[in-house]
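Chemist: Let me begin by handing over the structure; questions about it come next.
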Amino acid sequence: MKKILALLMAVVMLFTLAACGGNNDETKTQSLAVCLASEPDTIDPALNSSVDGATLVAHLFSGLAKWAQDDAGKLVIVADAAEELVEGVENEDGTVTYTYTLKEGLTWSDGQPLKASDFVFAWNRAASPALAADYNYMLDVVKGYAEMWETKETGEVDEEGNPVEEFVNPDAKLAVEATDDRTLVVTINNAVAYWNELLAFPTYYPVREDVVASENWATDPATYVCNGPYTMTGWEHNSVITLAKNDKYFDAEKVTMPEIKFYLSDDANNMLTNYKNGDWLLIDDVPTNDIATLKTEYPEEFVVAGQIGTYYVSWNINEDILPASSTLTGVEAEAAEAEIRNALALVLDRNYIVNNISQAGEVPASSFVAMGMTDADGSEFYKNAGSSEEYDGYFNASADAFEDNFKAAVEVLKKYYTYDEASAKFTDVPALTYIYNTNDGHQAIGEYIQGAFAAVGITVNLENQEWNTFLNTRKNGEYTVARNGWLADYNDPISFLDMWTTVSGNNDVQFGKGEHKDLAMYSVDVTDLGVDLKVENGTWAETYDALITEIKACTDSEKRYGLMHAAEDLLMSTGCITPIYYYTDIYMIDDSVEGFFANPLGYKYFMYTTIK
Amino acid sequence: MNTKTLLYVLKRVALAVLTVWVVITVTFFVTRAVPGGPFASEKAITPAAKAALEAKYGLDKPVMEQYFTYLKDIVTEFEFGPSLKQRGRDVIDIITDGMKTSAKLGVAAALIALVSGVILGSVAALRRNKIIDKIIMVVTTAFVSMPSFIIGSLLLILFAITFHILPANGNADGGMILPVITLSLYPMAYITRLTRSSMLDVLGQDYIRTAKAKGVSGNKIIFKHALKNSLIPVLTYFGPMLAYIVTGSLVVEQIFAVPGIGRSFVNSITNRDYTLIMGTTIVLAILIIVMNLVTDILYKVVDPRINLE
């Protein structure tokens with residue numbers, strides 16, 4: 001029996017030794033192993049909507065433009081497949097036409113020539129209802145998009161009694177054409193400041209018609225034909241995606257990393273273990289509990305980068321938060337509730353949250369449009385938000401101002417609720433339920449809010465929900481207060497503002513819906529900007545929705561940004577958005593890796609890296 | 001095989017088919033009843049795009065119609081359809097991919113558990129009340145009472161982080177060692193205890209005494225007479241062990257990031273990927289049902305005294 005045991009031990013030890021073998025130093029500098037997230041749902045450039053998927057696609061495809069680092073290390077958008085990023089020509093009707101010339105001799109990874117018509121096909125495909133991609137609206141600036149998505153009611157109703165709609169123009173196409181193999185002409189509805197940035201966005205990358213004819217093309221390296229710096233050479237599902245340098249890419253000689261292995265994992269603990277082991281050289285997530293230790297343990301390798309996004313609390317505008325004894329109704333009740341919500345926003349100490357709870361270098365937020373968004377003059381949009389000269393945004397979020405904010409908030413709340421001087425607490429505020437999706441970080445912030453509100457006598461019940469259920473609850477407005485967050489798709493404040501129109505699918509606050517629909521209480525006057533829009537005591541649709549429509553049609557940059565500030569002013573006046581902090585992107589990168597950069601959307605670029 | 005046995009097998013197969021149908025039906029309606037849907041995300045898609053997607057995957061039809069279409073596809077073509085979340089991939093491909101890994105993990109764990117369990121159990125029985133027996137009993141008691149996520153995390157900390165001997169990630173070279181060990185410890189401990197008690201029982205039987213009296217050598221008694229008969233209870237544990245390994249792998253695959261079917265299963269639920277939820281549930285259910293059936297029939301083959309009714 002002892003012999004058998006000894007034999008078993010020997011087998012186990014052999015296994016162990018085999019596991020220890022592997023990479024030697026030579027191959028270690030030729031292949032970069034990183035882990036961003038778990039398996040992407042898709043790496044079809046038109047269908048992808050995740051940040052990690054976009055990173056992969058940015059290595060595999062080459063659009064008209066791309067993100068790059070200039071000699072000084074500054075992030076810029078430069079021409080990629082296009083010879084240059086031309087200026088547009090404004091037409092009489094306000095639309096703008098761009099004519100791009102493709103670089104000479106561009107090919108796909110299978111050797112076939114890349115043609116301007118491939119872009120025409122790809123853009124029409126990405127925008128089409130037939131594909132129904134998450135990011136189809138990224139092409140909504142292109143002329144013809146609106147016609148593509150125009151629907152009318154058929155007169156029939158479905159099972160739930162909702163009217164059935166059908167598309168009016170099933171054959172509609174975007175105003176983009178290839179006048180020859182290398183010339184692409186596109187017309188957009190109006191001048192937009194972020195047009196070049198859109199050209200660098202995955203939705204705008206080319207795909208070839210015969211390649212994507214099979215629905216499964218993007219899941220198999222054998223059928224994945226691309227035109228970027230890399231090709232996909234392997235995809236072990238849920239395990240690793242391997243990219244190898246594409247020698248057919250026109251700028252291949254500048255690409256320094258021969259192979260990149262994207263390991264697929266969504267477990268932050270697992271990522272950290274592999275990072276500490278030295279197996280993975282970049283990881284895009286770390287366990288929240290380890291952040292404080294990692295910051296001191298790896299001061300050079302733990303990176304906190306800016307990201308254009310805001311973590312906030314959203315309030316359901318149709319939920320009653322006045323005391324039971326209140327006699328206010330309609331417009332008066334809503335005005336009072338707006339004042340109350342804005343006051344409650346001041347009870348929260350954002351510096352405490354970012355320094356002691358989230359701890360990832362986030363910045364306390366006092367506006368909805370995030371830090372990192374630029375204004376018309378190139379300054380930070382959030383610094384110009386609100387009316388105060390003293391501080392940025394709509395209230396003073398600095399640590400010093402907290403005590404004054406708190407006192408001011410209590411004074412406002414005293415107007416509506418009964419205050420017990422002895423205990424310094426309000427006694428008749430209805431209990432609130434704060435919902436968040438199951439996650440330690442969100443829970444910790446929920447607990448903080450619970451504590452902070454309890455300090456003024458408000459009971460907050462916490463309720464966590466599974467992710468998909470949570471999305472559903474919030475979207476349908478079946479809540480009072482909810483955790484919320486938003487990351488921008490491109491560097492323009494409109495991507496924060498158009499989500500609050502009545503019909504938007506992201507209108508979690510329920511603006512313009514239910515009882516709020518008929519409340520005529522908002523005023524807008526933007527005539528001083530030279531825009532013909534002045535409404536007094538209008539509904540949400542008459543004011544906010546109208547403002548957004550004006551912004552989308554506006555071609556004058558200064559006016560447009562003025563309108564966006566007006567829209568944010570109106571949004572923040574409702575108190576339904578309580579900003580907490582501006583997001584940051586945290587990741588760890590081994591100090592042996594050089595030449596890496598990331599863009600403000602969180603896409604990471606490894607093509608120009610080297611390993612020391 | 002006599003008629004009685006054949007009848008029994010047929011009855012069991014019919015029951016198994018019925019069970020699978022119940023599983024399909026319940027899962028189908030429960031997934032549809034849970035709030036949320038496959039096309040929900042932090043950034044909501046436009047209602048028009050959502051409607052277009054629902055039409056594409058037939059989710060715009062009445063639920064009953066969807067159910068019968070699904071049943072028909074399963075029965076006539078064993079067709080699971082496309083994944084709703086991982087666009088461009090078929091459910092059957094995702095399951096096959098995951099199964100390859102999970103099967104490796106499961107089979108390795110089962111074999112290790114069986115072999116080492118039987119060996120350790122026999123050693124403990126033959127050295128009853130000696131120090132080696134006591135050590136084995138203490139250790140197996142510990143493994144039986146510790147849930148796999150604790151054992152997994154302990155092994156991870158010890159071998160992957162502290163000593164750097166083995167990778168933490170199931171994909172890496174040698175990455176399957178820790179998950180296999182984690183998954184095998186519980187059934188191994190169970191089999192050890194089972195073998196020990198059944199071996200002790202057999203060793204006290206008259207026919208063993210007879211063999212000893214006849215002067216049969218020690219090894220021959222153990223291997224030819226005692227071990228064979230003491231394995232019958234172990235065989236009965238085969239079905240439950242498989243069920244444990246299938247369900248246990250859901251946890252273990254998560255801890256060690258093993259790209260198996262367990263992870264696909266868990267993720268499909270979070271994503272409301274209806275077709276993938278159905279596919280994984282059906283495959284796992286069939287697996288457990290079939291293995292239990294096989295165990296019961298084997299049971300009869302090994303010990304003819306057992307009455308199947």
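In the structure tokens, chains take the letters A, B, ... in the order shown, each chain's residues start at 1, and ligands count up from 1 in the order shown.
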Would you give me, as number ranges by chain, the residues in range 243-426 of chain A that DSSP reads as alpha helix (DSSP H)?
Modeler: A: 268-277, 291-297, 330-345, 350-352, 402-414
Chemist: Name all residues at most 6 Å from range 166-174 of chain A (count only C-alpha atoms; drop same-chain ones fewer than 4 positions away) and give them as a ChimeraX atom specification.
Modeler: /A:143-145,148,150-152
Chemist: Can you work out which residues from chain B touch chain A at a cut-off of 8 Å (counting only C-alpha atoms) and hand them back as a ChimeraX atom specification?
Modeler: /B:34-37,40-50,52-53,62,85-89,97,119,123,160-161,164-169,171,173-175,177,254-259,270-272
Chemist: Compile the contact shell of range 377-386 of chain A as a ChimeraX atom specification: residues with an atom at most 10 Å away, counting only C-alpha atoms, same-chain residues fewer than 6 positions apart removed.
Modeler: /A:365-371,392-395,492-493,557-558,561,564-566,568-569,572
Chemist: Those residues you just picked out, can you put them in a file as a PDB file, in the first residue's frame with N, CA, C and O atoms?
Modeler:
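Contents of the output file result-v9.pdb:
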ATOM      1  N   ALA A 365     -18.305  64.904  -7.399  1.00  0.00           N
ATOM      2  CA  ALA A 365     -19.008  65.527  -8.514  1.00  0.00           C
ATOM      3  C   ALA A 365     -20.057  66.513  -8.046  1.00  0.00           C
ATOM      4  O   ALA A 365     -20.739  66.298  -7.044  1.00  0.00           O
ATOM      5  N   SER A 366     -20.177  67.616  -8.766  1.00  0.00           N
ATOM      6  CA  SER A 366     -21.214  68.596  -8.454  1.00  0.00           C
ATOM      7  C   SER A 366     -21.998  68.962  -9.709  1.00  0.00           C
ATOM      8  O   SER A 366     -22.650  69.983  -9.776  1.00  0.00           O
ATOM      9  N   SER A 367     -21.893  68.108 -10.733  1.00  0.00           N
ATOM     10  CA  SER A 367     -22.678  68.326 -11.949  1.00  0.00           C
ATOM     11  C   SER A 367     -22.927  66.967 -12.566  1.00  0.00           C
ATOM     12  O   SER A 367     -22.301  65.983 -12.176  1.00  0.00           O
ATOM     13  N   PHE A 368     -23.837  66.914 -13.528  1.00  0.00           N
ATOM     14  CA  PHE A 368     -24.094  65.621 -14.158  1.00  0.00           C
ATOM     15  C   PHE A 368     -23.132  65.360 -15.312  1.00  0.00           C
ATOM     16  O   PHE A 368     -22.570  64.281 -15.432  1.00  0.00           O
ATOM     17  N   VAL A 369     -22.927  66.372 -16.167  1.00  0.00           N
ATOM     18  CA  VAL A 369     -21.977  66.197 -17.269  1.00  0.00           C
ATOM     19  C   VAL A 369     -20.587  66.056 -16.652  1.00  0.00           C
ATOM     20  O   VAL A 369     -20.154  66.896 -15.861  1.00  0.00           O
ATOM     21  N   ALA A 370     -19.898  64.972 -16.992  1.00  0.00           N
ATOM     22  CA  ALA A 370     -18.705  64.591 -16.239  1.00  0.00           C
ATOM     23  C   ALA A 370     -17.483  65.450 -16.530  1.00  0.00           C
ATOM     24  O   ALA A 370     -17.400  66.116 -17.565  1.00  0.00           O
ATOM     25  N   MET A 371     -16.559  65.392 -15.595  1.00  0.00           N
ATOM     26  CA  MET A 371     -15.241  65.956 -15.783  1.00  0.00           C
ATOM     27  C   MET A 371     -14.621  65.289 -17.018  1.00  0.00           C
ATOM     28  O   MET A 371     -14.833  64.115 -17.260  1.00  0.00           O
ATOM     29  N   ASP A 392     -16.955  75.023  -8.959  1.00  0.00           N
ATOM     30  CA  ASP A 392     -17.374  74.380 -10.204  1.00  0.00           C
ATOM     31  C   ASP A 392     -18.678  73.632  -9.967  1.00  0.00           C
ATOM     32  O   ASP A 392     -18.880  73.053  -8.908  1.00  0.00           O
ATOM     33  N   GLY A 393     -19.525  73.628 -10.964  1.00  0.00           N
ATOM     34  CA  GLY A 393     -20.749  72.828 -10.870  1.00  0.00           C
ATOM     35  C   GLY A 393     -21.862  73.539 -10.125  1.00  0.00           C
ATOM     36  O   GLY A 393     -21.869  74.765  -9.998  1.00  0.00           O
ATOM     37  N   TYR A 394     -22.807  72.730  -9.598  1.00  0.00           N
ATOM     38  CA  TYR A 394     -24.041  73.293  -9.053  1.00  0.00           C
ATOM     39  C   TYR A 394     -24.025  73.469  -7.541  1.00  0.00           C
ATOM     40  O   TYR A 394     -24.967  73.996  -6.964  1.00  0.00           O
ATOM     41  N   PHE A 395     -23.025  72.969  -6.886  1.00  0.00           N
ATOM     42  CA  PHE A 395     -22.839  73.242  -5.447  1.00  0.00           C
ATOM     43  C   PHE A 395     -21.360  73.053  -5.154  1.00  0.00           C
ATOM     44  O   PHE A 395     -20.619  72.533  -5.983  1.00  0.00           O
ATOM     45  N   ASP A 492     -18.624  64.651 -25.980  1.00  0.00           N
ATOM     46  CA  ASP A 492     -19.551  65.749 -26.224  1.00  0.00           C
ATOM     47  C   ASP A 492     -20.664  65.651 -25.188  1.00  0.00           C
ATOM     48  O   ASP A 492     -21.260  64.591 -25.008  1.00  0.00           O
ATOM     49  N   PRO A 493     -20.946  66.786 -24.506  1.00  0.00           N
ATOM     50  CA  PRO A 493     -21.922  66.746 -23.406  1.00  0.00           C
ATOM     51  C   PRO A 493     -23.291  66.214 -23.812  1.00  0.00           C
ATOM     52  O   PRO A 493     -24.044  65.746 -22.961  1.00  0.00           O
ATOM     53  N   SER A 557     -21.059  76.242 -32.852  1.00  0.00           N
ATOM     54  CA  SER A 557     -20.486  75.606 -31.669  1.00  0.00           C
ATOM     55  C   SER A 557     -20.780  76.374 -30.382  1.00  0.00           C
ATOM     56  O   SER A 557     -21.203  75.804 -29.381  1.00  0.00           O
ATOM     57  N   GLU A 558     -20.550  77.691 -30.397  1.00  0.00           N
ATOM     58  CA  GLU A 558     -20.725  78.466 -29.176  1.00  0.00           C
ATOM     59  C   GLU A 558     -22.181  78.422 -28.692  1.00  0.00           C
ATOM     60  O   GLU A 558     -22.454  78.203 -27.520  1.00  0.00           O
ATOM     61  N   TYR A 561     -23.063  74.920 -27.276  1.00  0.00           N
ATOM     62  CA  TYR A 561     -22.600  74.663 -25.910  1.00  0.00           C
ATOM     63  C   TYR A 561     -23.403  75.484 -24.906  1.00  0.00           C
ATOM     64  O   TYR A 561     -23.676  75.035 -23.788  1.00  0.00           O
ATOM     65  N   MET A 564     -26.442  73.606 -24.296  1.00  0.00           N
ATOM     66  CA  MET A 564     -26.210  72.415 -23.465  1.00  0.00           C
ATOM     67  C   MET A 564     -26.084  72.799 -21.990  1.00  0.00           C
ATOM     68  O   MET A 564     -26.555  72.080 -21.109  1.00  0.00           O
ATOM     69  N   HIS A 565     -25.477  73.960 -21.720  1.00  0.00           N
ATOM     70  CA  HIS A 565     -25.435  74.423 -20.330  1.00  0.00           C
ATOM     71  C   HIS A 565     -26.853  74.701 -19.825  1.00  0.00           C
ATOM     72  O   HIS A 565     -27.201  74.366 -18.695  1.00  0.00           O
ATOM     73  N   ALA A 566     -27.683  75.305 -20.701  1.00  0.00           N
ATOM     74  CA  ALA A 566     -29.067  75.596 -20.313  1.00  0.00           C
ATOM     75  C   ALA A 566     -29.820  74.300 -20.008  1.00  0.00           C
ATOM     76  O   ALA A 566     -30.587  74.224 -19.045  1.00  0.00           O
ATOM     77  N   GLU A 568     -28.518  71.444 -18.993  1.00  0.00           N
ATOM     78  CA  GLU A 568     -28.057  70.866 -17.735  1.00  0.00           C
ATOM     79  C   GLU A 568     -28.597  71.660 -16.539  1.00  0.00           C
ATOM     80  O   GLU A 568     -28.956  71.073 -15.512  1.00  0.00           O
ATOM     81  N   ASP A 569     -28.693  72.988 -16.689  1.00  0.00           N
ATOM     82  CA  ASP A 569     -29.264  73.811 -15.608  1.00  0.00           C
ATOM     83  C   ASP A 569     -30.679  73.341 -15.284  1.00  0.00           C
ATOM     84  O   ASP A 569     -31.050  73.180 -14.125  1.00  0.00           O
ATOM     85  N   MET A 572     -30.632  69.847 -13.615  1.00  0.00           N
ATOM     86  CA  MET A 572     -30.183  69.842 -12.226  1.00  0.00           C
ATOM     87  C   MET A 572     -31.186  70.532 -11.309  1.00  0.00           C
ATOM     88  O   MET A 572     -31.249  70.240 -10.123  1.00  0.00           O
TER      89      MET A 572
END
Chemist: Would you pick out the contacts of Ile232 in chain B at 10 Å or less, using only C-alpha atoms, so that residues sharing its chain but fewer than 2 positions from it are not included, and give the list as a list of chain:residue names?
Modeler: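 Here the answer would be B:Leu194, B:Thr195, B:Ser198, B:Leu227, B:Lys228, B:Asn229, B:Ser230, B:Val234, B:Leu235, B:Thr236, B:Tyr237, B:Leu298, B:Tyr299, B:Val302, B:Asp303.
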Chemist: Could you write out, as a PyMOL selection string, all the residues of range 468-532 of chain A that DSSP marks as strand (DSSP E or B)?
Modeler: chain A and resi 481-487+522-525
Chemist: Between CA of Asp118 in chain A and CA of Ala178 in chain A, measure the distance and give it in Å to one decimal.
Modeler: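 A separation of 8.7 Å between them.
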Chemist: Compare B:Ala243, B:Ile289, B:Met199, B:Leu183 by their minimum atom-to-atom distance to Val144 in chain B, counting only C-alpha atoms, and give me the closest one.
Modeler: B:Leu183
Chemist: List as a PyMOL selection string the protein and nucleic acid residues near Leu60 in chain A, meaning an atom at most 7 Å away when only C-alpha atoms are counted, but skip any in the same chain fewer than 5 places from it.
Modeler: chain A and resi 226-231
Chemist: Would you mind exporting the chosen residues as a PDB file, in the first residue's frame, restricted to all heavy atoms?
Modeler:
ATOM      1  N   CYS A 226     -10.030  41.125 -41.247  1.00  0.00           N
ATOM      2  CA  CYS A 226      -9.999  42.494 -40.742  1.00  0.00           C
ATOM      3  C   CYS A 226      -8.955  43.307 -41.511  1.00  0.00           C
ATOM      4  O   CYS A 226      -8.348  42.793 -42.450  1.00  0.00           O
ATOM      5  CB  CYS A 226      -9.715  42.483 -39.250  1.00  0.00           C
ATOM      6  SG  CYS A 226      -8.303  41.467 -38.809  1.00  0.00           S
ATOM      7  N   ASN A 227      -8.744  44.557 -41.117  1.00  0.00           N
ATOM      8  CA  ASN A 227      -7.794  45.385 -41.867  1.00  0.00           C
ATOM      9  C   ASN A 227      -6.883  46.196 -40.961  1.00  0.00           C
ATOM     10  O   ASN A 227      -6.297  47.169 -41.387  1.00  0.00           O
ATOM     11  CB  ASN A 227      -8.555  46.313 -42.824  1.00  0.00           C
ATOM     12  CG  ASN A 227      -9.236  47.439 -42.063  1.00  0.00           C
ATOM     13  OD1 ASN A 227      -9.652  47.248 -40.928  1.00  0.00           O
ATOM     14  ND2 ASN A 227      -9.343  48.602 -42.676  1.00  0.00           N
ATOM     15  N   GLY A 228      -6.800  45.833 -39.691  1.00  0.00           N
ATOM     16  CA  GLY A 228      -6.052  46.647 -38.734  1.00  0.00           C
ATOM     17  C   GLY A 228      -4.650  46.139 -38.470  1.00  0.00           C
ATOM     18  O   GLY A 228      -4.139  45.287 -39.191  1.00  0.00           O
ATOM     19  N   PRO A 229      -4.019  46.661 -37.412  1.00  0.00           N
ATOM     20  CA  PRO A 229      -2.629  46.296 -37.087  1.00  0.00           C
ATOM     21  C   PRO A 229      -2.469  44.818 -36.710  1.00  0.00           C
ATOM     22  O   PRO A 229      -1.374  44.299 -36.753  1.00  0.00           O
ATOM     23  CB  PRO A 229      -2.298  47.174 -35.885  1.00  0.00           C
ATOM     24  CG  PRO A 229      -3.373  48.187 -35.793  1.00  0.00           C
ATOM     25  CD  PRO A 229      -4.556  47.692 -36.524  1.00  0.00           C
ATOM     26  N   TYR A 230      -3.544  44.168 -36.315  1.00  0.00           N
ATOM     27  CA  TYR A 230      -3.450  42.773 -35.885  1.00  0.00           C
ATOM     28  C   TYR A 230      -4.496  41.906 -36.586  1.00  0.00           C
ATOM     29  O   TYR A 230      -5.503  42.425 -37.077  1.00  0.00           O
ATOM     30  CB  TYR A 230      -3.655  42.646 -34.367  1.00  0.00           C
ATOM     31  CG  TYR A 230      -2.479  43.157 -33.576  1.00  0.00           C
ATOM     32  CD1 TYR A 230      -2.362  44.507 -33.285  1.00  0.00           C
ATOM     33  CD2 TYR A 230      -1.473  42.294 -33.149  1.00  0.00           C
ATOM     34  CE1 TYR A 230      -1.263  44.995 -32.584  1.00  0.00           C
ATOM     35  CE2 TYR A 230      -0.373  42.769 -32.444  1.00  0.00           C
ATOM     36  CZ  TYR A 230      -0.275  44.123 -32.171  1.00  0.00           C
ATOM     37  OH  TYR A 230       0.802  44.579 -31.482  1.00  0.00           O
ATOM     38  N   THR A 231      -4.259  40.605 -36.570  1.00  0.00           N
ATOM     39  CA  THR A 231      -5.292  39.655 -36.974  1.00  0.00           C
ATOM     40  C   THR A 231      -5.534  38.729 -35.791  1.00  0.00           C
ATOM     41  O   THR A 231      -4.664  38.573 -34.935  1.00  0.00           O
ATOM     42  CB  THR A 231      -4.861  38.786 -38.169  1.00  0.00           C
ATOM     43  OG1 THR A 231      -3.627  38.152 -37.826  1.00  0.00           O
ATOM     44  CG2 THR A 231      -4.686  39.610 -39.422  1.00  0.00           C
TER      45      THR A 231
END
